[in-house]
Amino acid sequence: MTFELTDSLKNDILFAMEDQNSQSVLDAEKKAVVKACFSGDGIQGEVAADEEKRYSLPAWTSDDGFSLMEQFAESCRSPFARSELKRCLQSRRGVFRNFKSIVKAYPEVEKRWFAYKNKVMLSKVTEWYSRLRESWGLEALEEDDSSSETEYLVQDDFEFVKYDSVRDKECVDRAVEAMTEEYESQLEGELGASVAELWRRQSGFSGSANKYGFVCYSHSDEFLGCFLVSFCPSSAKKTVLATDFYVVQNFRGLGIGRELLHKCLVSLAESGIQQVLIAGAVIPESMESLLAQFSFKRIGSGYVANLF
C-alpha cells in the first residue's frame with residue numbers, strides 16, 4: 001500500500017527514529033506512525049512490519065546519533081563551542097545530555113546544530129521513502145537540496161547596522177574592556193597588560209563621534225560585535241585606521257566578523273576611501289586568514305587594504 005510522505009508524517013518519523021526506548025512502524029492505511037505491538041504478557045515483541053501495509057522506519061541508533069554529533073563538532077566554526085563539544089565527546093559520560101547543554105550555551109550554534117541534524121536525518125528519510133517508491137514501481141524522490149544553505153542559516157538572526165555613536169558607544173566600550181580582559185588572561189604578566197593597553201589606545205585613537213563602521217545585534221537587541229574605523233590622521237580624506245574589531249566570544253566562528261568587515265569595506269569604497277589600515281600590534285592570529293580573503297596585504301607588522 002502506497003502513502004504520501006507529508007511534512008507532518010516526516011516529523012513523526014524523525015521523532016520515532018530518535019526514540020531509543022521504543023519501536024515504531026509506519027502504518028500506510030492509517031497514514032501514521034504507530035508503536036510496535038506487544039505480546040500478551042506485556043513484553044515487547046517483534047515489530048509488526050509486513051512491508052505491505054506497515055513499514056519499518058529508517059534505522060537510527062545511538063551510535064548514529066553519536067557519529068552525527070562528532071561530525072557537527074568537527075565542522076563547528078565557533079572555536080569555543082567546538083573545543084567544549086570535542087571534550088564532551090571524548091569523555092563519553094552523559095555525552096548526549098552534556099552535548100545538548102553545551103550547544104544551548106551558544107544560541108546560534110544550537111540553531112545550526114538543529115538545522116544540521118534535521119538535514120542529515122531528513123536525508124535518511126528521503127532515501128528510505130525513495131526505496132519504497134521504487135518497490136511500488138514509482139520514480140524515486142529527488143532530494144531537496146534547499147537545506148544546503150544551513151551553513152549560513154543563522155545569518156538571518158543577525159542585524160548589521162551602521163554605527164551610531166549615541167546608540168552604540170556604551171556597547172563598544174564594553175567590548176573594548178572585554179577584549180582587554182581576554183588578552184590579560186591569555187598572556188601572562190606584564191605582556192598581557194601591555195597588549196591590553198595597546199588595544200585600549202587603538203580604540204581611543206579618536207573620539208566615538210568620529211568613528212565610522214558597522215555593528216551587529218541579534219533581533220533581541222543583544223550587541224554581538226563591531227568593526228569601526230577613523231580617519232588617520234584626522235586630516236586625512238582617503239585613509240582610515242581600524243580602531244575596533246570585536247565579536248562576542250560565544251558568537252565567534254559564525255560569520256559575523258566576516259560580514260562586519262565586508263559591509264564596512266563596501267561602504268568605505270562607496271564613500272571614496274582608498275586605504276584601510278589595521279595596526280599589527282594587536283592582531284590575533286585567527287584574523288590573518290580573514291584579512292587575506294579581503295585582499296589585505298602586510299605592511300610592516302600591520303595590514304593595509306587598497307579599495308581601488
# chains A, B, ... in the order shown; residues from 1 in each chain; ligands from 1
>>> select_by_dssp(residues="region 7-255 of chain A", states="alpha helix (DSSP H)", output="ChimeraX atom specification")
/A:7-18,62-75,79-91,95-104,107-135,165-186,189-203
>>> write_last_selection(atoms="C-alpha atoms", output="mmCIF file, in the first residue's frame")
data_model
loop_
_atom_site.group_PDB
_atom_site.id
_atom_site.type_symbol
_atom_site.label_atom_id
_atom_site.label_comp_id
_atom_site.auth_asym_id
_atom_site.auth_seq_id
_atom_site.Cartn_x
_atom_site.Cartn_y
_atom_site.Cartn_z
ATOM 1 C CA ASP A 7 5.698 17.163 6.219
ATOM 2 C CA SER A 8 3.668 16.108 9.242
ATOM 3 C CA LEU A 9 4.493 12.464 8.629
ATOM 4 C CA LYS A 10 8.183 13.311 8.209
ATOM 5 C CA ASN A 11 8.212 14.967 11.614
ATOM 6 C CA ASP A 12 6.543 11.950 13.222
ATOM 7 C CA ILE A 13 9.102 9.639 11.634
ATOM 8 C CA LEU A 14 12.013 11.775 12.828
ATOM 9 C CA PHE A 15 10.620 11.778 16.366
ATOM 10 C CA ALA A 16 10.225 7.974 16.307
ATOM 11 C CA MET A 17 13.749 7.488 14.946
ATOM 12 C CA GLU A 18 15.224 9.367 17.901
ATOM 13 C CA SER A 62 22.559 5.789 19.467
ATOM 14 C CA ASP A 63 25.775 5.129 17.515
ATOM 15 C CA ASP A 64 24.298 7.057 14.580
ATOM 16 C CA GLY A 65 23.456 9.921 16.943
ATOM 17 C CA PHE A 66 26.967 9.937 18.404
ATOM 18 C CA SER A 67 28.525 9.904 14.927
ATOM 19 C CA LEU A 68 26.321 12.853 13.937
ATOM 20 C CA MET A 69 27.499 14.843 16.973
ATOM 21 C CA GLU A 70 31.134 14.087 16.104
ATOM 22 C CA GLN A 71 30.637 15.311 12.544
ATOM 23 C CA PHE A 72 28.960 18.500 13.753
ATOM 24 C CA ALA A 73 31.697 19.199 16.318
ATOM 25 C CA GLU A 74 34.367 18.861 13.605
ATOM 26 C CA SER A 75 32.532 21.307 11.336
ATOM 27 C CA PRO A 79 36.185 27.800 18.312
ATOM 28 C CA PHE A 80 34.964 27.920 21.914
ATOM 29 C CA ALA A 81 31.926 25.733 21.250
ATOM 30 C CA ARG A 82 33.988 23.328 19.129
ATOM 31 C CA SER A 83 36.544 22.881 21.910
ATOM 32 C CA GLU A 84 33.858 22.166 24.527
ATOM 33 C CA LEU A 85 31.967 19.778 22.256
ATOM 34 C CA LYS A 86 35.088 17.761 21.484
ATOM 35 C CA ARG A 87 35.926 17.429 25.179
ATOM 36 C CA CYS A 88 32.369 16.302 25.831
ATOM 37 C CA LEU A 89 32.517 13.644 23.117
ATOM 38 C CA GLN A 90 35.864 12.345 24.357
ATOM 39 C CA SER A 91 34.565 11.916 27.904
ATOM 40 C CA VAL A 95 27.521 12.554 26.352
ATOM 41 C CA PHE A 96 24.064 13.189 24.841
ATOM 42 C CA ARG A 97 22.854 15.265 27.780
ATOM 43 C CA ASN A 98 26.113 17.204 28.046
ATOM 44 C CA PHE A 99 26.209 17.857 24.298
ATOM 45 C CA LYS A 100 22.745 19.426 24.472
ATOM 46 C CA SER A 101 23.791 21.584 27.448
ATOM 47 C CA ILE A 102 26.864 22.883 25.618
ATOM 48 C CA VAL A 103 25.102 23.879 22.397
ATOM 49 C CA LYS A 104 22.364 25.526 24.460
ATOM 50 C CA PRO A 107 22.372 30.106 20.860
ATOM 51 C CA GLU A 108 23.459 30.397 17.226
ATOM 52 C CA VAL A 109 25.448 27.158 17.386
ATOM 53 C CA GLU A 110 22.360 25.478 18.826
ATOM 54 C CA LYS A 111 20.255 26.645 15.884
ATOM 55 C CA ARG A 112 22.895 25.400 13.464
ATOM 56 C CA TRP A 113 23.006 22.050 15.287
ATOM 57 C CA PHE A 114 19.253 21.541 14.984
ATOM 58 C CA ALA A 115 19.366 22.516 11.306
ATOM 59 C CA TYR A 116 22.315 20.187 10.677
ATOM 60 C CA LYS A 117 20.733 17.243 12.495
ATOM 61 C CA ASN A 118 17.418 17.790 10.739
ATOM 62 C CA LYS A 119 19.122 17.897 7.336
ATOM 63 C CA VAL A 120 21.021 14.628 7.867
ATOM 64 C CA MET A 121 18.059 12.733 9.316
ATOM 65 C CA LEU A 122 15.664 14.003 6.656
ATOM 66 C CA SER A 123 18.093 12.763 4.044
ATOM 67 C CA LYS A 124 17.812 9.281 5.553
ATOM 68 C CA VAL A 125 14.010 9.510 5.493
ATOM 69 C CA THR A 126 14.018 10.632 1.861
ATOM 70 C CA GLU A 127 16.348 7.778 0.900
ATOM 71 C CA TRP A 128 14.089 5.298 2.733
ATOM 72 C CA TYR A 129 10.936 6.632 1.058
ATOM 73 C CA SER A 130 12.604 6.599 -2.362
ATOM 74 C CA ARG A 131 13.386 2.909 -1.982
ATOM 75 C CA LEU A 132 9.744 2.271 -1.087
ATOM 76 C CA ARG A 133 8.544 4.216 -4.145
ATOM 77 C CA GLU A 134 10.830 2.176 -6.383
ATOM 78 C CA SER A 135 9.384 -1.028 -4.896
ATOM 79 C CA SER A 165 27.847 56.888 18.428
ATOM 80 C CA VAL A 166 24.865 57.749 20.644
ATOM 81 C CA ARG A 167 23.231 54.344 20.432
ATOM 82 C CA ASP A 168 26.321 52.132 20.287
ATOM 83 C CA LYS A 169 29.078 53.844 22.304
ATOM 84 C CA GLU A 170 28.353 52.058 25.586
ATOM 85 C CA CYS A 171 28.281 48.642 23.888
ATOM 86 C CA VAL A 172 31.562 49.309 22.077
ATOM 87 C CA ASP A 173 33.192 50.498 25.313
ATOM 88 C CA ARG A 174 32.156 47.243 27.000
ATOM 89 C CA ALA A 175 33.535 45.310 24.023
ATOM 90 C CA VAL A 176 36.905 47.056 24.407
ATOM 91 C CA GLU A 177 37.076 46.084 28.065
ATOM 92 C CA ALA A 178 36.029 42.508 27.283
ATOM 93 C CA MET A 179 38.815 42.247 24.720
ATOM 94 C CA THR A 180 41.424 43.658 27.087
ATOM 95 C CA GLU A 181 40.364 41.109 29.714
ATOM 96 C CA GLU A 182 40.853 38.360 27.128
ATOM 97 C CA TYR A 183 44.401 39.499 26.390
ATOM 98 C CA GLU A 184 45.224 39.812 30.081
ATOM 99 C CA SER A 185 44.002 36.276 30.757
ATOM 100 C CA GLN A 186 45.640 34.714 27.671
ATOM 101 C CA GLY A 189 52.071 39.094 33.460
ATOM 102 C CA GLU A 190 53.055 42.436 32.009
ATOM 103 C CA LEU A 191 52.807 41.169 28.428
ATOM 104 C CA GLY A 192 49.055 40.689 28.758
ATOM 105 C CA ALA A 193 48.677 44.082 30.410
ATOM 106 C CA SER A 194 50.775 45.722 27.676
ATOM 107 C CA VAL A 195 48.812 44.218 24.788
ATOM 108 C CA ALA A 196 45.553 45.101 26.544
ATOM 109 C CA GLU A 197 46.732 48.705 26.877
ATOM 110 C CA LEU A 198 47.609 48.845 23.173
ATOM 111 C CA TRP A 199 44.067 47.640 22.395
ATOM 112 C CA ARG A 200 42.599 50.414 24.580
ATOM 113 C CA ARG A 201 44.777 53.049 22.936
ATOM 114 C CA GLN A 202 43.866 51.878 19.443
ATOM 115 C CA SER A 203 40.176 52.134 20.286
#
>>> select_by_dssp(residues="region 29-233 of chain A", states="strand (DSSP E)", output="tab-separated table (two decimals) with N, CA, C and O atoms, in the first residue's frame")
chain	number	residue	atom	x	y	z
A	32	ALA	N	0.03	6.98	9.47
A	32	ALA	CA	0.53	7.45	10.76
A	32	ALA	C	1.63	6.52	11.27
A	32	ALA	O	1.70	5.35	10.88
A	33	VAL	N	2.46	7.06	12.15
A	33	VAL	CA	3.46	6.26	12.85
A	33	VAL	C	2.80	5.67	14.08
A	33	VAL	O	2.16	6.39	14.85
A	34	VAL	N	2.92	4.35	14.26
A	34	VAL	CA	2.31	3.68	15.41
A	34	VAL	C	3.36	2.87	16.14
A	34	VAL	O	4.36	2.44	15.56
A	35	LYS	N	3.14	2.65	17.42
A	35	LYS	CA	4.06	1.86	18.23
A	35	LYS	C	4.01	0.41	17.81
A	35	LYS	O	3.00	-0.09	17.32
A	54	ARG	N	2.35	-2.06	6.74
A	54	ARG	CA	3.16	-1.48	7.81
A	54	ARG	C	4.63	-1.60	7.43
A	54	ARG	O	5.08	-2.69	7.10
A	55	TYR	N	5.33	-0.47	7.50
A	55	TYR	CA	6.71	-0.44	7.04
A	55	TYR	C	7.66	-0.10	8.18
A	55	TYR	O	7.38	0.80	8.99
A	56	SER	N	8.79	-0.82	8.23
A	56	SER	CA	9.82	-0.49	9.21
A	56	SER	C	10.37	0.90	8.90
A	56	SER	O	10.53	1.27	7.74
A	158	PHE	N	20.80	37.83	12.60
A	158	PHE	CA	21.68	38.94	12.90
A	158	PHE	C	21.22	40.21	12.18
A	158	PHE	O	20.70	40.15	11.07
A	159	GLU	N	21.45	41.33	12.82
A	159	GLU	CA	21.13	42.62	12.21
A	159	GLU	C	22.43	43.42	12.13
A	159	GLU	O	23.08	43.66	13.15
A	160	PHE	N	22.81	43.84	10.94
A	160	PHE	CA	24.02	44.62	10.74
A	160	PHE	C	23.61	46.05	10.38
A	160	PHE	O	22.94	46.26	9.37
A	161	VAL	N	23.99	46.99	11.22
A	161	VAL	CA	23.58	48.38	11.02
A	161	VAL	C	24.79	49.30	11.14
A	161	VAL	O	25.78	48.96	11.79
A	162	LYS	N	24.69	50.48	10.51
A	162	LYS	CA	25.77	51.45	10.61
A	162	LYS	C	25.92	51.94	12.04
A	162	LYS	O	24.94	52.11	12.77
A	212	TYR	N	33.48	55.42	12.33
A	212	TYR	CA	32.53	55.01	11.31
A	212	TYR	C	32.64	53.49	11.14
A	212	TYR	O	33.72	52.93	11.30
A	213	GLY	N	31.53	52.84	10.84
A	213	GLY	CA	31.59	51.40	10.61
A	213	GLY	C	30.24	50.75	10.80
A	213	GLY	O	29.19	51.39	10.65
A	214	PHE	N	30.28	49.46	11.16
A	214	PHE	CA	29.06	48.69	11.34
A	214	PHE	C	29.09	47.93	12.67
A	214	PHE	O	30.15	47.55	13.16
A	215	VAL	N	27.89	47.74	13.22
A	215	VAL	CA	27.74	46.95	14.44
A	215	VAL	C	26.73	45.84	14.15
A	215	VAL	O	25.94	45.94	13.23
A	216	CYS	N	26.80	44.80	14.96
A	216	CYS	CA	25.89	43.67	14.80
A	216	CYS	C	25.09	43.46	16.07
A	216	CYS	O	25.65	43.47	17.18
A	217	TYR	N	23.80	43.28	15.90
A	217	TYR	CA	22.89	42.98	17.02
A	217	TYR	C	22.06	41.74	16.66
A	217	TYR	O	21.82	41.46	15.49
A	218	SER	N	21.65	41.02	17.69
A	218	SER	CA	20.67	39.97	17.47
A	218	SER	C	19.31	40.65	17.36
A	218	SER	O	19.17	41.84	17.66
A	223	PHE	N	24.00	43.11	21.70
A	223	PHE	CA	25.18	43.53	20.95
A	223	PHE	C	26.09	42.32	20.73
A	223	PHE	O	26.45	41.62	21.67
A	224	LEU	N	26.50	42.09	19.46
A	224	LEU	CA	27.31	40.92	19.14
A	224	LEU	C	28.67	41.25	18.57
A	224	LEU	O	29.56	40.39	18.56
A	225	GLY	N	28.87	42.48	18.08
A	225	GLY	CA	30.18	42.80	17.55
A	225	GLY	C	30.20	44.10	16.77
A	225	GLY	O	29.16	44.73	16.55
A	226	CYS	N	31.41	44.50	16.34
A	226	CYS	CA	31.54	45.75	15.60
A	226	CYS	C	32.83	45.76	14.79
A	226	CYS	O	33.79	45.03	15.10
A	227	PHE	N	32.85	46.56	13.74
A	227	PHE	CA	34.08	46.89	13.02
A	227	PHE	C	34.01	48.38	12.74
A	227	PHE	O	33.15	48.85	11.99
A	228	LEU	N	34.92	49.14	13.37
A	228	LEU	CA	34.88	50.60	13.28
A	228	LEU	C	36.22	51.14	12.82
A	228	LEU	O	37.28	50.56	13.09
A	229	VAL	N	36.18	52.28	12.12
A	229	VAL	CA	37.39	52.93	11.62
A	229	VAL	C	37.32	54.42	11.92
A	229	VAL	O	36.25	54.95	12.27
A	230	SER	N	38.47	55.08	11.75
A	230	SER	CA	38.53	56.54	11.90
A	230	SER	C	39.61	57.06	10.98
A	230	SER	O	40.57	56.34	10.65
A	231	PHE	N	39.45	58.31	10.50
A	231	PHE	CA	40.45	58.87	9.60
A	231	PHE	C	41.81	58.93	10.29
A	231	PHE	O	41.92	59.25	11.48
>>> atom_distance(atom1="CA of Ser235 (chain A)", atom2="CA of Lys297 (chain A)")
23.9 Å
>>> residues_around(residues="Gly253 (chain A)", least_positions_apart="4", cutoff="8 Å", atoms="only C-alpha atoms", output="MDAnalysis selection string")
chainID A and resid 76:79
>>> closest_residue(among="A:Leu187, A:Leu57, A:Ser24, A:Leu290", to="Gly257 (chain A)", atoms="only C-alpha atoms")
A:Leu290
